[in-house]
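A.B. asks: Supplied in structure tokens, the structure appears directly below.
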Amino acid sequence: VRPGHPLADGPLTPERYAAAEHVTVSRRGRLRDPVDDALAALGLDRRVIAAAPSTAAAFPLVLDTDLVVTVPRSVTGPALRTAGLRPLPLPAPLAMPPIPLHLVWHQRHDNDRAHAWLRAQARSAARALFVD
């Protein structure tokens, strides 16, 4: 959220979180994501008014409005701070499923030893950064 956002004042309950206006991050323009499933499990709905194709596009919308964007802090933490946004933890007991992280390469590199080494390094780095 932006600095001074109303959600930053007082306890952040699932009800207050759901009542805010949200923007999703979706390259396909989807207005529903796993956050909606987690809220539905608590009997809540949220109002998503926009979808941004990337966090880089969502952050300026959030910085200049009272919109809320929910993104994984492990991936976006430095960008949140750079954008001047204030990270808030999801309200308990809202629980999100793990987010899969995929490495993708062209099949012509499957048997390339240098590329296999690079993939192993990338896997190791990703595990160190993102796996609890």
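Here's how to read the names in the structure tokens: chain A, B, ... by the order shown, residue numbers from 1 in each chain, ligand numbers from 1 in the order shown.
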Need the shell around range 39-52 of chain A: protein/DNA/RNA residues with any atom at most 8 Å away, counting only C-alpha atoms. Skip same-chain ones fewer than 6 positions apart. Format as a list in words?

C.D. replies: Pro14, Glu15, Tyr17, Ala18, Ala19, Ala20, Glu21, His22, Val23, Thr24, Val25, Ser26, Arg27, Gly29, Arg30, Leu31, Arg32, Ala58 and Leu94 of chain A

A.B. asks: Write a file of the just-selected residues containing all heavy atoms, as a short mmCIF file (atom, residue, chain, number, x, y, z; two decimals), in the first residue's frame.

C.D. replies:
```
data_model
loop_
_atom_site.label_atom_id
_atom_site.label_comp_id
_atom_site.auth_asym_id
_atom_site.auth_seq_id
_atom_site.Cartn_x
_atom_site.Cartn_y
_atom_site.Cartn_z
N PRO A 14 -9.03 -9.56 8.09
CA PRO A 14 -9.46 -10.02 6.77
C PRO A 14 -10.61 -9.18 6.21
O PRO A 14 -10.67 -8.91 5.01
CB PRO A 14 -9.89 -11.47 7.01
CG PRO A 14 -9.11 -11.90 8.20
CD PRO A 14 -8.99 -10.66 9.05
N GLU A 15 -11.51 -8.72 7.08
CA GLU A 15 -12.64 -7.92 6.64
C GLU A 15 -12.19 -6.57 6.09
O GLU A 15 -12.67 -6.13 5.04
CB GLU A 15 -13.63 -7.73 7.80
CG GLU A 15 -14.34 -9.00 8.24
CD GLU A 15 -13.47 -9.92 9.10
OE1 GLU A 15 -12.40 -9.49 9.60
OE2 GLU A 15 -13.87 -11.08 9.28
N TYR A 17 -9.20 -5.83 4.94
CA TYR A 17 -8.42 -6.13 3.74
C TYR A 17 -9.35 -6.37 2.55
O TYR A 17 -9.17 -5.81 1.48
CB TYR A 17 -7.52 -7.34 4.00
CG TYR A 17 -6.81 -7.87 2.79
CD1 TYR A 17 -5.68 -7.23 2.30
CD2 TYR A 17 -7.26 -9.01 2.14
CE1 TYR A 17 -5.02 -7.72 1.19
CE2 TYR A 17 -6.60 -9.50 1.03
CZ TYR A 17 -5.49 -8.86 0.56
OH TYR A 17 -4.83 -9.33 -0.55
N ALA A 18 -10.38 -7.19 2.74
CA ALA A 18 -11.30 -7.51 1.65
C ALA A 18 -12.10 -6.30 1.21
O ALA A 18 -12.45 -6.17 0.03
CB ALA A 18 -12.25 -8.64 2.09
N ALA A 19 -12.40 -5.38 2.12
CA ALA A 19 -13.21 -4.21 1.80
C ALA A 19 -12.46 -3.18 0.95
O ALA A 19 -13.09 -2.34 0.30
CB ALA A 19 -13.72 -3.55 3.09
N ALA A 20 -11.14 -3.24 0.93
CA ALA A 20 -10.35 -2.28 0.13
C ALA A 20 -10.49 -2.60 -1.36
O ALA A 20 -10.89 -3.70 -1.75
CB ALA A 20 -8.88 -2.36 0.55
N GLU A 21 -10.17 -1.62 -2.19
CA GLU A 21 -10.14 -1.84 -3.63
C GLU A 21 -8.76 -2.37 -4.02
O GLU A 21 -7.73 -1.86 -3.56
CB GLU A 21 -10.46 -0.55 -4.38
CG GLU A 21 -11.89 -0.10 -4.17
CD GLU A 21 -12.22 1.13 -4.98
OE1 GLU A 21 -11.33 1.99 -5.17
OE2 GLU A 21 -13.38 1.24 -5.39
N HIS A 22 -8.76 -3.39 -4.86
CA HIS A 22 -7.53 -4.11 -5.18
C HIS A 22 -7.20 -4.04 -6.67
O HIS A 22 -8.08 -3.89 -7.51
CB HIS A 22 -7.68 -5.59 -4.79
CG HIS A 22 -7.81 -5.81 -3.33
ND1 HIS A 22 -6.79 -6.27 -2.55
CD2 HIS A 22 -8.88 -5.62 -2.50
CE1 HIS A 22 -7.21 -6.37 -1.30
NE2 HIS A 22 -8.48 -5.98 -1.24
N VAL A 23 -5.90 -4.22 -6.96
CA VAL A 23 -5.41 -4.43 -8.31
C VAL A 23 -4.67 -5.76 -8.29
O VAL A 23 -3.95 -6.06 -7.34
CB VAL A 23 -4.49 -3.27 -8.78
CG1 VAL A 23 -3.30 -3.07 -7.89
CG2 VAL A 23 -4.05 -3.47 -10.22
N THR A 24 -4.90 -6.58 -9.32
CA THR A 24 -4.17 -7.84 -9.42
C THR A 24 -3.00 -7.66 -10.39
O THR A 24 -2.96 -6.72 -11.18
CB THR A 24 -5.06 -8.98 -9.95
OG1 THR A 24 -5.52 -8.65 -11.26
CG2 THR A 24 -6.23 -9.25 -9.02
N VAL A 25 -2.07 -8.59 -10.32
CA VAL A 25 -0.98 -8.64 -11.29
C VAL A 25 -1.23 -9.88 -12.14
O VAL A 25 -1.19 -11.00 -11.65
CB VAL A 25 0.40 -8.71 -10.60
CG1 VAL A 25 1.50 -8.85 -11.63
CG2 VAL A 25 0.63 -7.48 -9.74
N SER A 26 -1.54 -9.64 -13.41
CA SER A 26 -1.87 -10.74 -14.32
C SER A 26 -1.57 -10.32 -15.75
O SER A 26 -2.15 -9.36 -16.24
CB SER A 26 -3.35 -11.11 -14.20
OG SER A 26 -3.72 -12.01 -15.23
N ARG A 27 -0.69 -11.05 -16.40
CA ARG A 27 -0.40 -10.76 -17.80
C ARG A 27 -1.60 -11.01 -18.69
O ARG A 27 -1.69 -10.47 -19.77
CB ARG A 27 0.78 -11.60 -18.29
CG ARG A 27 2.10 -11.16 -17.69
CD ARG A 27 3.20 -12.02 -18.19
NE ARG A 27 2.86 -13.41 -17.84
CZ ARG A 27 3.70 -14.38 -17.78
NH1 ARG A 27 4.95 -14.19 -18.06
NH2 ARG A 27 3.31 -15.60 -17.46
N GLY A 29 -4.74 -10.38 -17.69
CA GLY A 29 -5.83 -9.49 -17.30
C GLY A 29 -6.85 -10.11 -16.37
O GLY A 29 -7.96 -9.61 -16.24
N ARG A 30 -6.48 -11.17 -15.70
CA ARG A 30 -7.41 -11.84 -14.79
C ARG A 30 -7.63 -11.00 -13.54
O ARG A 30 -6.69 -10.47 -12.95
CB ARG A 30 -6.89 -13.21 -14.40
CG ARG A 30 -6.86 -14.16 -15.57
CD ARG A 30 -6.42 -15.54 -15.17
NE ARG A 30 -6.45 -16.41 -16.33
CZ ARG A 30 -5.62 -17.38 -16.54
NH1 ARG A 30 -4.69 -17.65 -15.64
NH2 ARG A 30 -5.71 -18.13 -17.61
N LEU A 31 -8.89 -10.91 -13.14
CA LEU A 31 -9.24 -10.14 -11.95
C LEU A 31 -9.40 -11.04 -10.72
O LEU A 31 -9.71 -10.55 -9.64
CB LEU A 31 -10.55 -9.36 -12.19
CG LEU A 31 -10.49 -8.34 -13.33
CD1 LEU A 31 -11.84 -7.65 -13.48
CD2 LEU A 31 -9.38 -7.34 -13.12
N ARG A 32 -9.20 -12.32 -10.89
CA ARG A 32 -9.32 -13.27 -9.79
C ARG A 32 -8.01 -14.06 -9.68
O ARG A 32 -7.42 -14.42 -10.70
CB ARG A 32 -10.49 -14.21 -10.04
CG ARG A 32 -10.77 -15.14 -8.90
CD ARG A 32 -12.08 -15.89 -9.08
NE ARG A 32 -12.24 -16.87 -8.04
CZ ARG A 32 -12.69 -16.62 -6.82
NH1 ARG A 32 -13.05 -15.39 -6.51
NH2 ARG A 32 -12.78 -17.56 -5.91
N ALA A 58 1.86 -2.28 -11.70
CA ALA A 58 0.91 -2.17 -10.58
C ALA A 58 1.39 -1.17 -9.54
O ALA A 58 0.57 -0.43 -8.97
CB ALA A 58 0.70 -3.53 -9.93
N LEU A 94 -5.59 -15.47 6.96
CA LEU A 94 -5.52 -15.59 5.50
C LEU A 94 -4.23 -16.31 5.13
O LEU A 94 -3.14 -15.85 5.46
CB LEU A 94 -5.56 -14.20 4.87
CG LEU A 94 -5.95 -14.08 3.42
CD1 LEU A 94 -7.35 -14.61 3.19
CD2 LEU A 94 -5.86 -12.65 2.98
#
```

A.B. asks: If you measure from CA of Ala8 in chain A to CA of Leu90 in chain A, what distance in Å do you get, rounded to one decimal?

C.D. replies: 11.7 Å

A.B. asks: Please give the complete set of residues from range 7-89 of chain A that DSSP, run on the backbone, assigns to helix (DSSP H, G or I), formatted as a VMD selection string.

C.D. replies: chain A and resid 7 to 8 14 to 19 34 to 41 55 to 63 73 to 83

A.B. asks: Nearest to Pro60 in chain A among A:Leu129, A:Leu7, A:Val35, A:Val1, with distances taken over only C-alpha atoms: which residue is it?

C.D. replies: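 Among A:Leu129, A:Leu7, A:Val35, A:Val1, it is A:Val1 that comes nearest to Pro60 in chain A.
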
A.B. asks: Ranking A:Ala83, A:Thr65, A:Pro34, A:Ala128 by minimum distance to Pro98 in chain A and counting only C-alpha atoms, which one comes first?

C.D. replies: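 Among A:Ala83, A:Thr65, A:Pro34, A:Ala128, it is A:Pro34 that comes nearest to Pro98 in chain A.
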
A.B. asks: CA of Ala92 in chain A and CA of Thr13 in chain A are how many Å apart?

C.D. replies: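 Value for the CA of Ala92 in chain A-CA of Thr13 in chain A distance: 7.2 Å.
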
A.B. asks: Using only C-alpha atoms, which of A:Arg16, A:Phe130, A:Pro11, A:Ala38 sits nearest Pro93 in chain A?

C.D. replies: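 Selected residue with least distance to Pro93 in chain A: A:Ala38.
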
A.B. asks: Name the residues of range 7-107 of chain A that come out as strand (DSSP E) in a backbone DSSP run; write them as a list in words.

C.D. replies: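 Going through range 7-107 of chain A, the strand (DSSP E) residues come out as Glu21, His22, Val23, Thr24, Val25, Arg47, Val48, Ile49, Ala50, Ala51, Ala52, Val68 and Val69 of chain A.
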
A.B. asks: Taking N, CA and C atoms for each residue, export the selection above as an mmCIF file, in the first residue's frame.

C.D. replies:
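Written file, result-v3.cif:
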```cif
data_model
loop_
_atom_site.group_PDB
_atom_site.id
_atom_site.type_symbol
_atom_site.label_atom_id
_atom_site.label_comp_id
_atom_site.auth_asym_id
_atom_site.auth_seq_id
_atom_site.Cartn_x
_atom_site.Cartn_y
_atom_site.Cartn_z
ATOM 1 N N GLU A 21 -10.166 -1.625 -2.193
ATOM 2 C CA GLU A 21 -10.140 -1.844 -3.633
ATOM 3 C C GLU A 21 -8.763 -2.372 -4.022
ATOM 4 N N HIS A 22 -8.761 -3.391 -4.864
ATOM 5 C CA HIS A 22 -7.525 -4.113 -5.184
ATOM 6 C C HIS A 22 -7.198 -4.039 -6.669
ATOM 7 N N VAL A 23 -5.903 -4.224 -6.961
ATOM 8 C CA VAL A 23 -5.409 -4.427 -8.312
ATOM 9 C C VAL A 23 -4.667 -5.762 -8.294
ATOM 10 N N THR A 24 -4.895 -6.577 -9.321
ATOM 11 C CA THR A 24 -4.168 -7.838 -9.424
ATOM 12 C C THR A 24 -3.002 -7.665 -10.388
ATOM 13 N N VAL A 25 -2.071 -8.591 -10.323
ATOM 14 C CA VAL A 25 -0.980 -8.642 -11.289
ATOM 15 C C VAL A 25 -1.232 -9.878 -12.142
ATOM 16 N N ARG A 47 -13.038 -6.530 -3.887
ATOM 17 C CA ARG A 47 -13.368 -5.806 -5.107
ATOM 18 C C ARG A 47 -12.078 -5.508 -5.856
ATOM 19 N N VAL A 48 -11.883 -6.197 -6.970
ATOM 20 C CA VAL A 48 -10.718 -5.965 -7.821
ATOM 21 C C VAL A 48 -11.168 -5.058 -8.953
ATOM 22 N N ILE A 49 -10.532 -3.909 -9.057
ATOM 23 C CA ILE A 49 -10.975 -2.941 -10.070
ATOM 24 C C ILE A 49 -10.049 -2.853 -11.273
ATOM 25 N N ALA A 50 -8.866 -3.498 -11.184
ATOM 26 C CA ALA A 50 -7.939 -3.439 -12.313
ATOM 27 C C ALA A 50 -6.966 -4.602 -12.242
ATOM 28 N N ALA A 51 -6.428 -4.929 -13.400
ATOM 29 C CA ALA A 51 -5.349 -5.913 -13.494
ATOM 30 C C ALA A 51 -4.182 -5.240 -14.203
ATOM 31 N N ALA A 52 -3.017 -5.347 -13.615
ATOM 32 C CA ALA A 52 -1.803 -4.810 -14.228
ATOM 33 C C ALA A 52 -0.990 -5.985 -14.772
ATOM 34 N N VAL A 68 -4.863 -1.566 -3.353
ATOM 35 C CA VAL A 68 -4.007 -2.534 -2.664
ATOM 36 C C VAL A 68 -3.553 -3.557 -3.694
ATOM 37 N N VAL A 69 -2.288 -3.921 -3.676
ATOM 38 C CA VAL A 69 -1.797 -5.018 -4.507
ATOM 39 C C VAL A 69 -1.174 -6.052 -3.577
#
```

A.B. asks: Can you work out which one of A:Phe59, A:Val104, A:Leu12, A:Ser124 has the shortest atom-to-atom distance to Pro91 in chain A, counting only C-alpha atoms?

C.D. replies: A:Leu12

A.B. asks: Report, in Å to a single decimal, how far apart CA of Arg86 in chain A and CA of Pro3 in chain A are.

C.D. replies: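 Computing the Euclidean distance for CA of Pro3 in chain A and CA of Arg86 in chain A yields 5.7 Å.
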
A.B. asks: Compare A:Asp112, A:Leu63, A:Arg73, A:Thr82 by their minimum atom-to-atom distance to Gly4 in chain A, counting only C-alpha atoms, and give me the closest one.

C.D. replies: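 Among the listed residues, the smallest separation from Gly4 in chain A belongs to A:Leu63.
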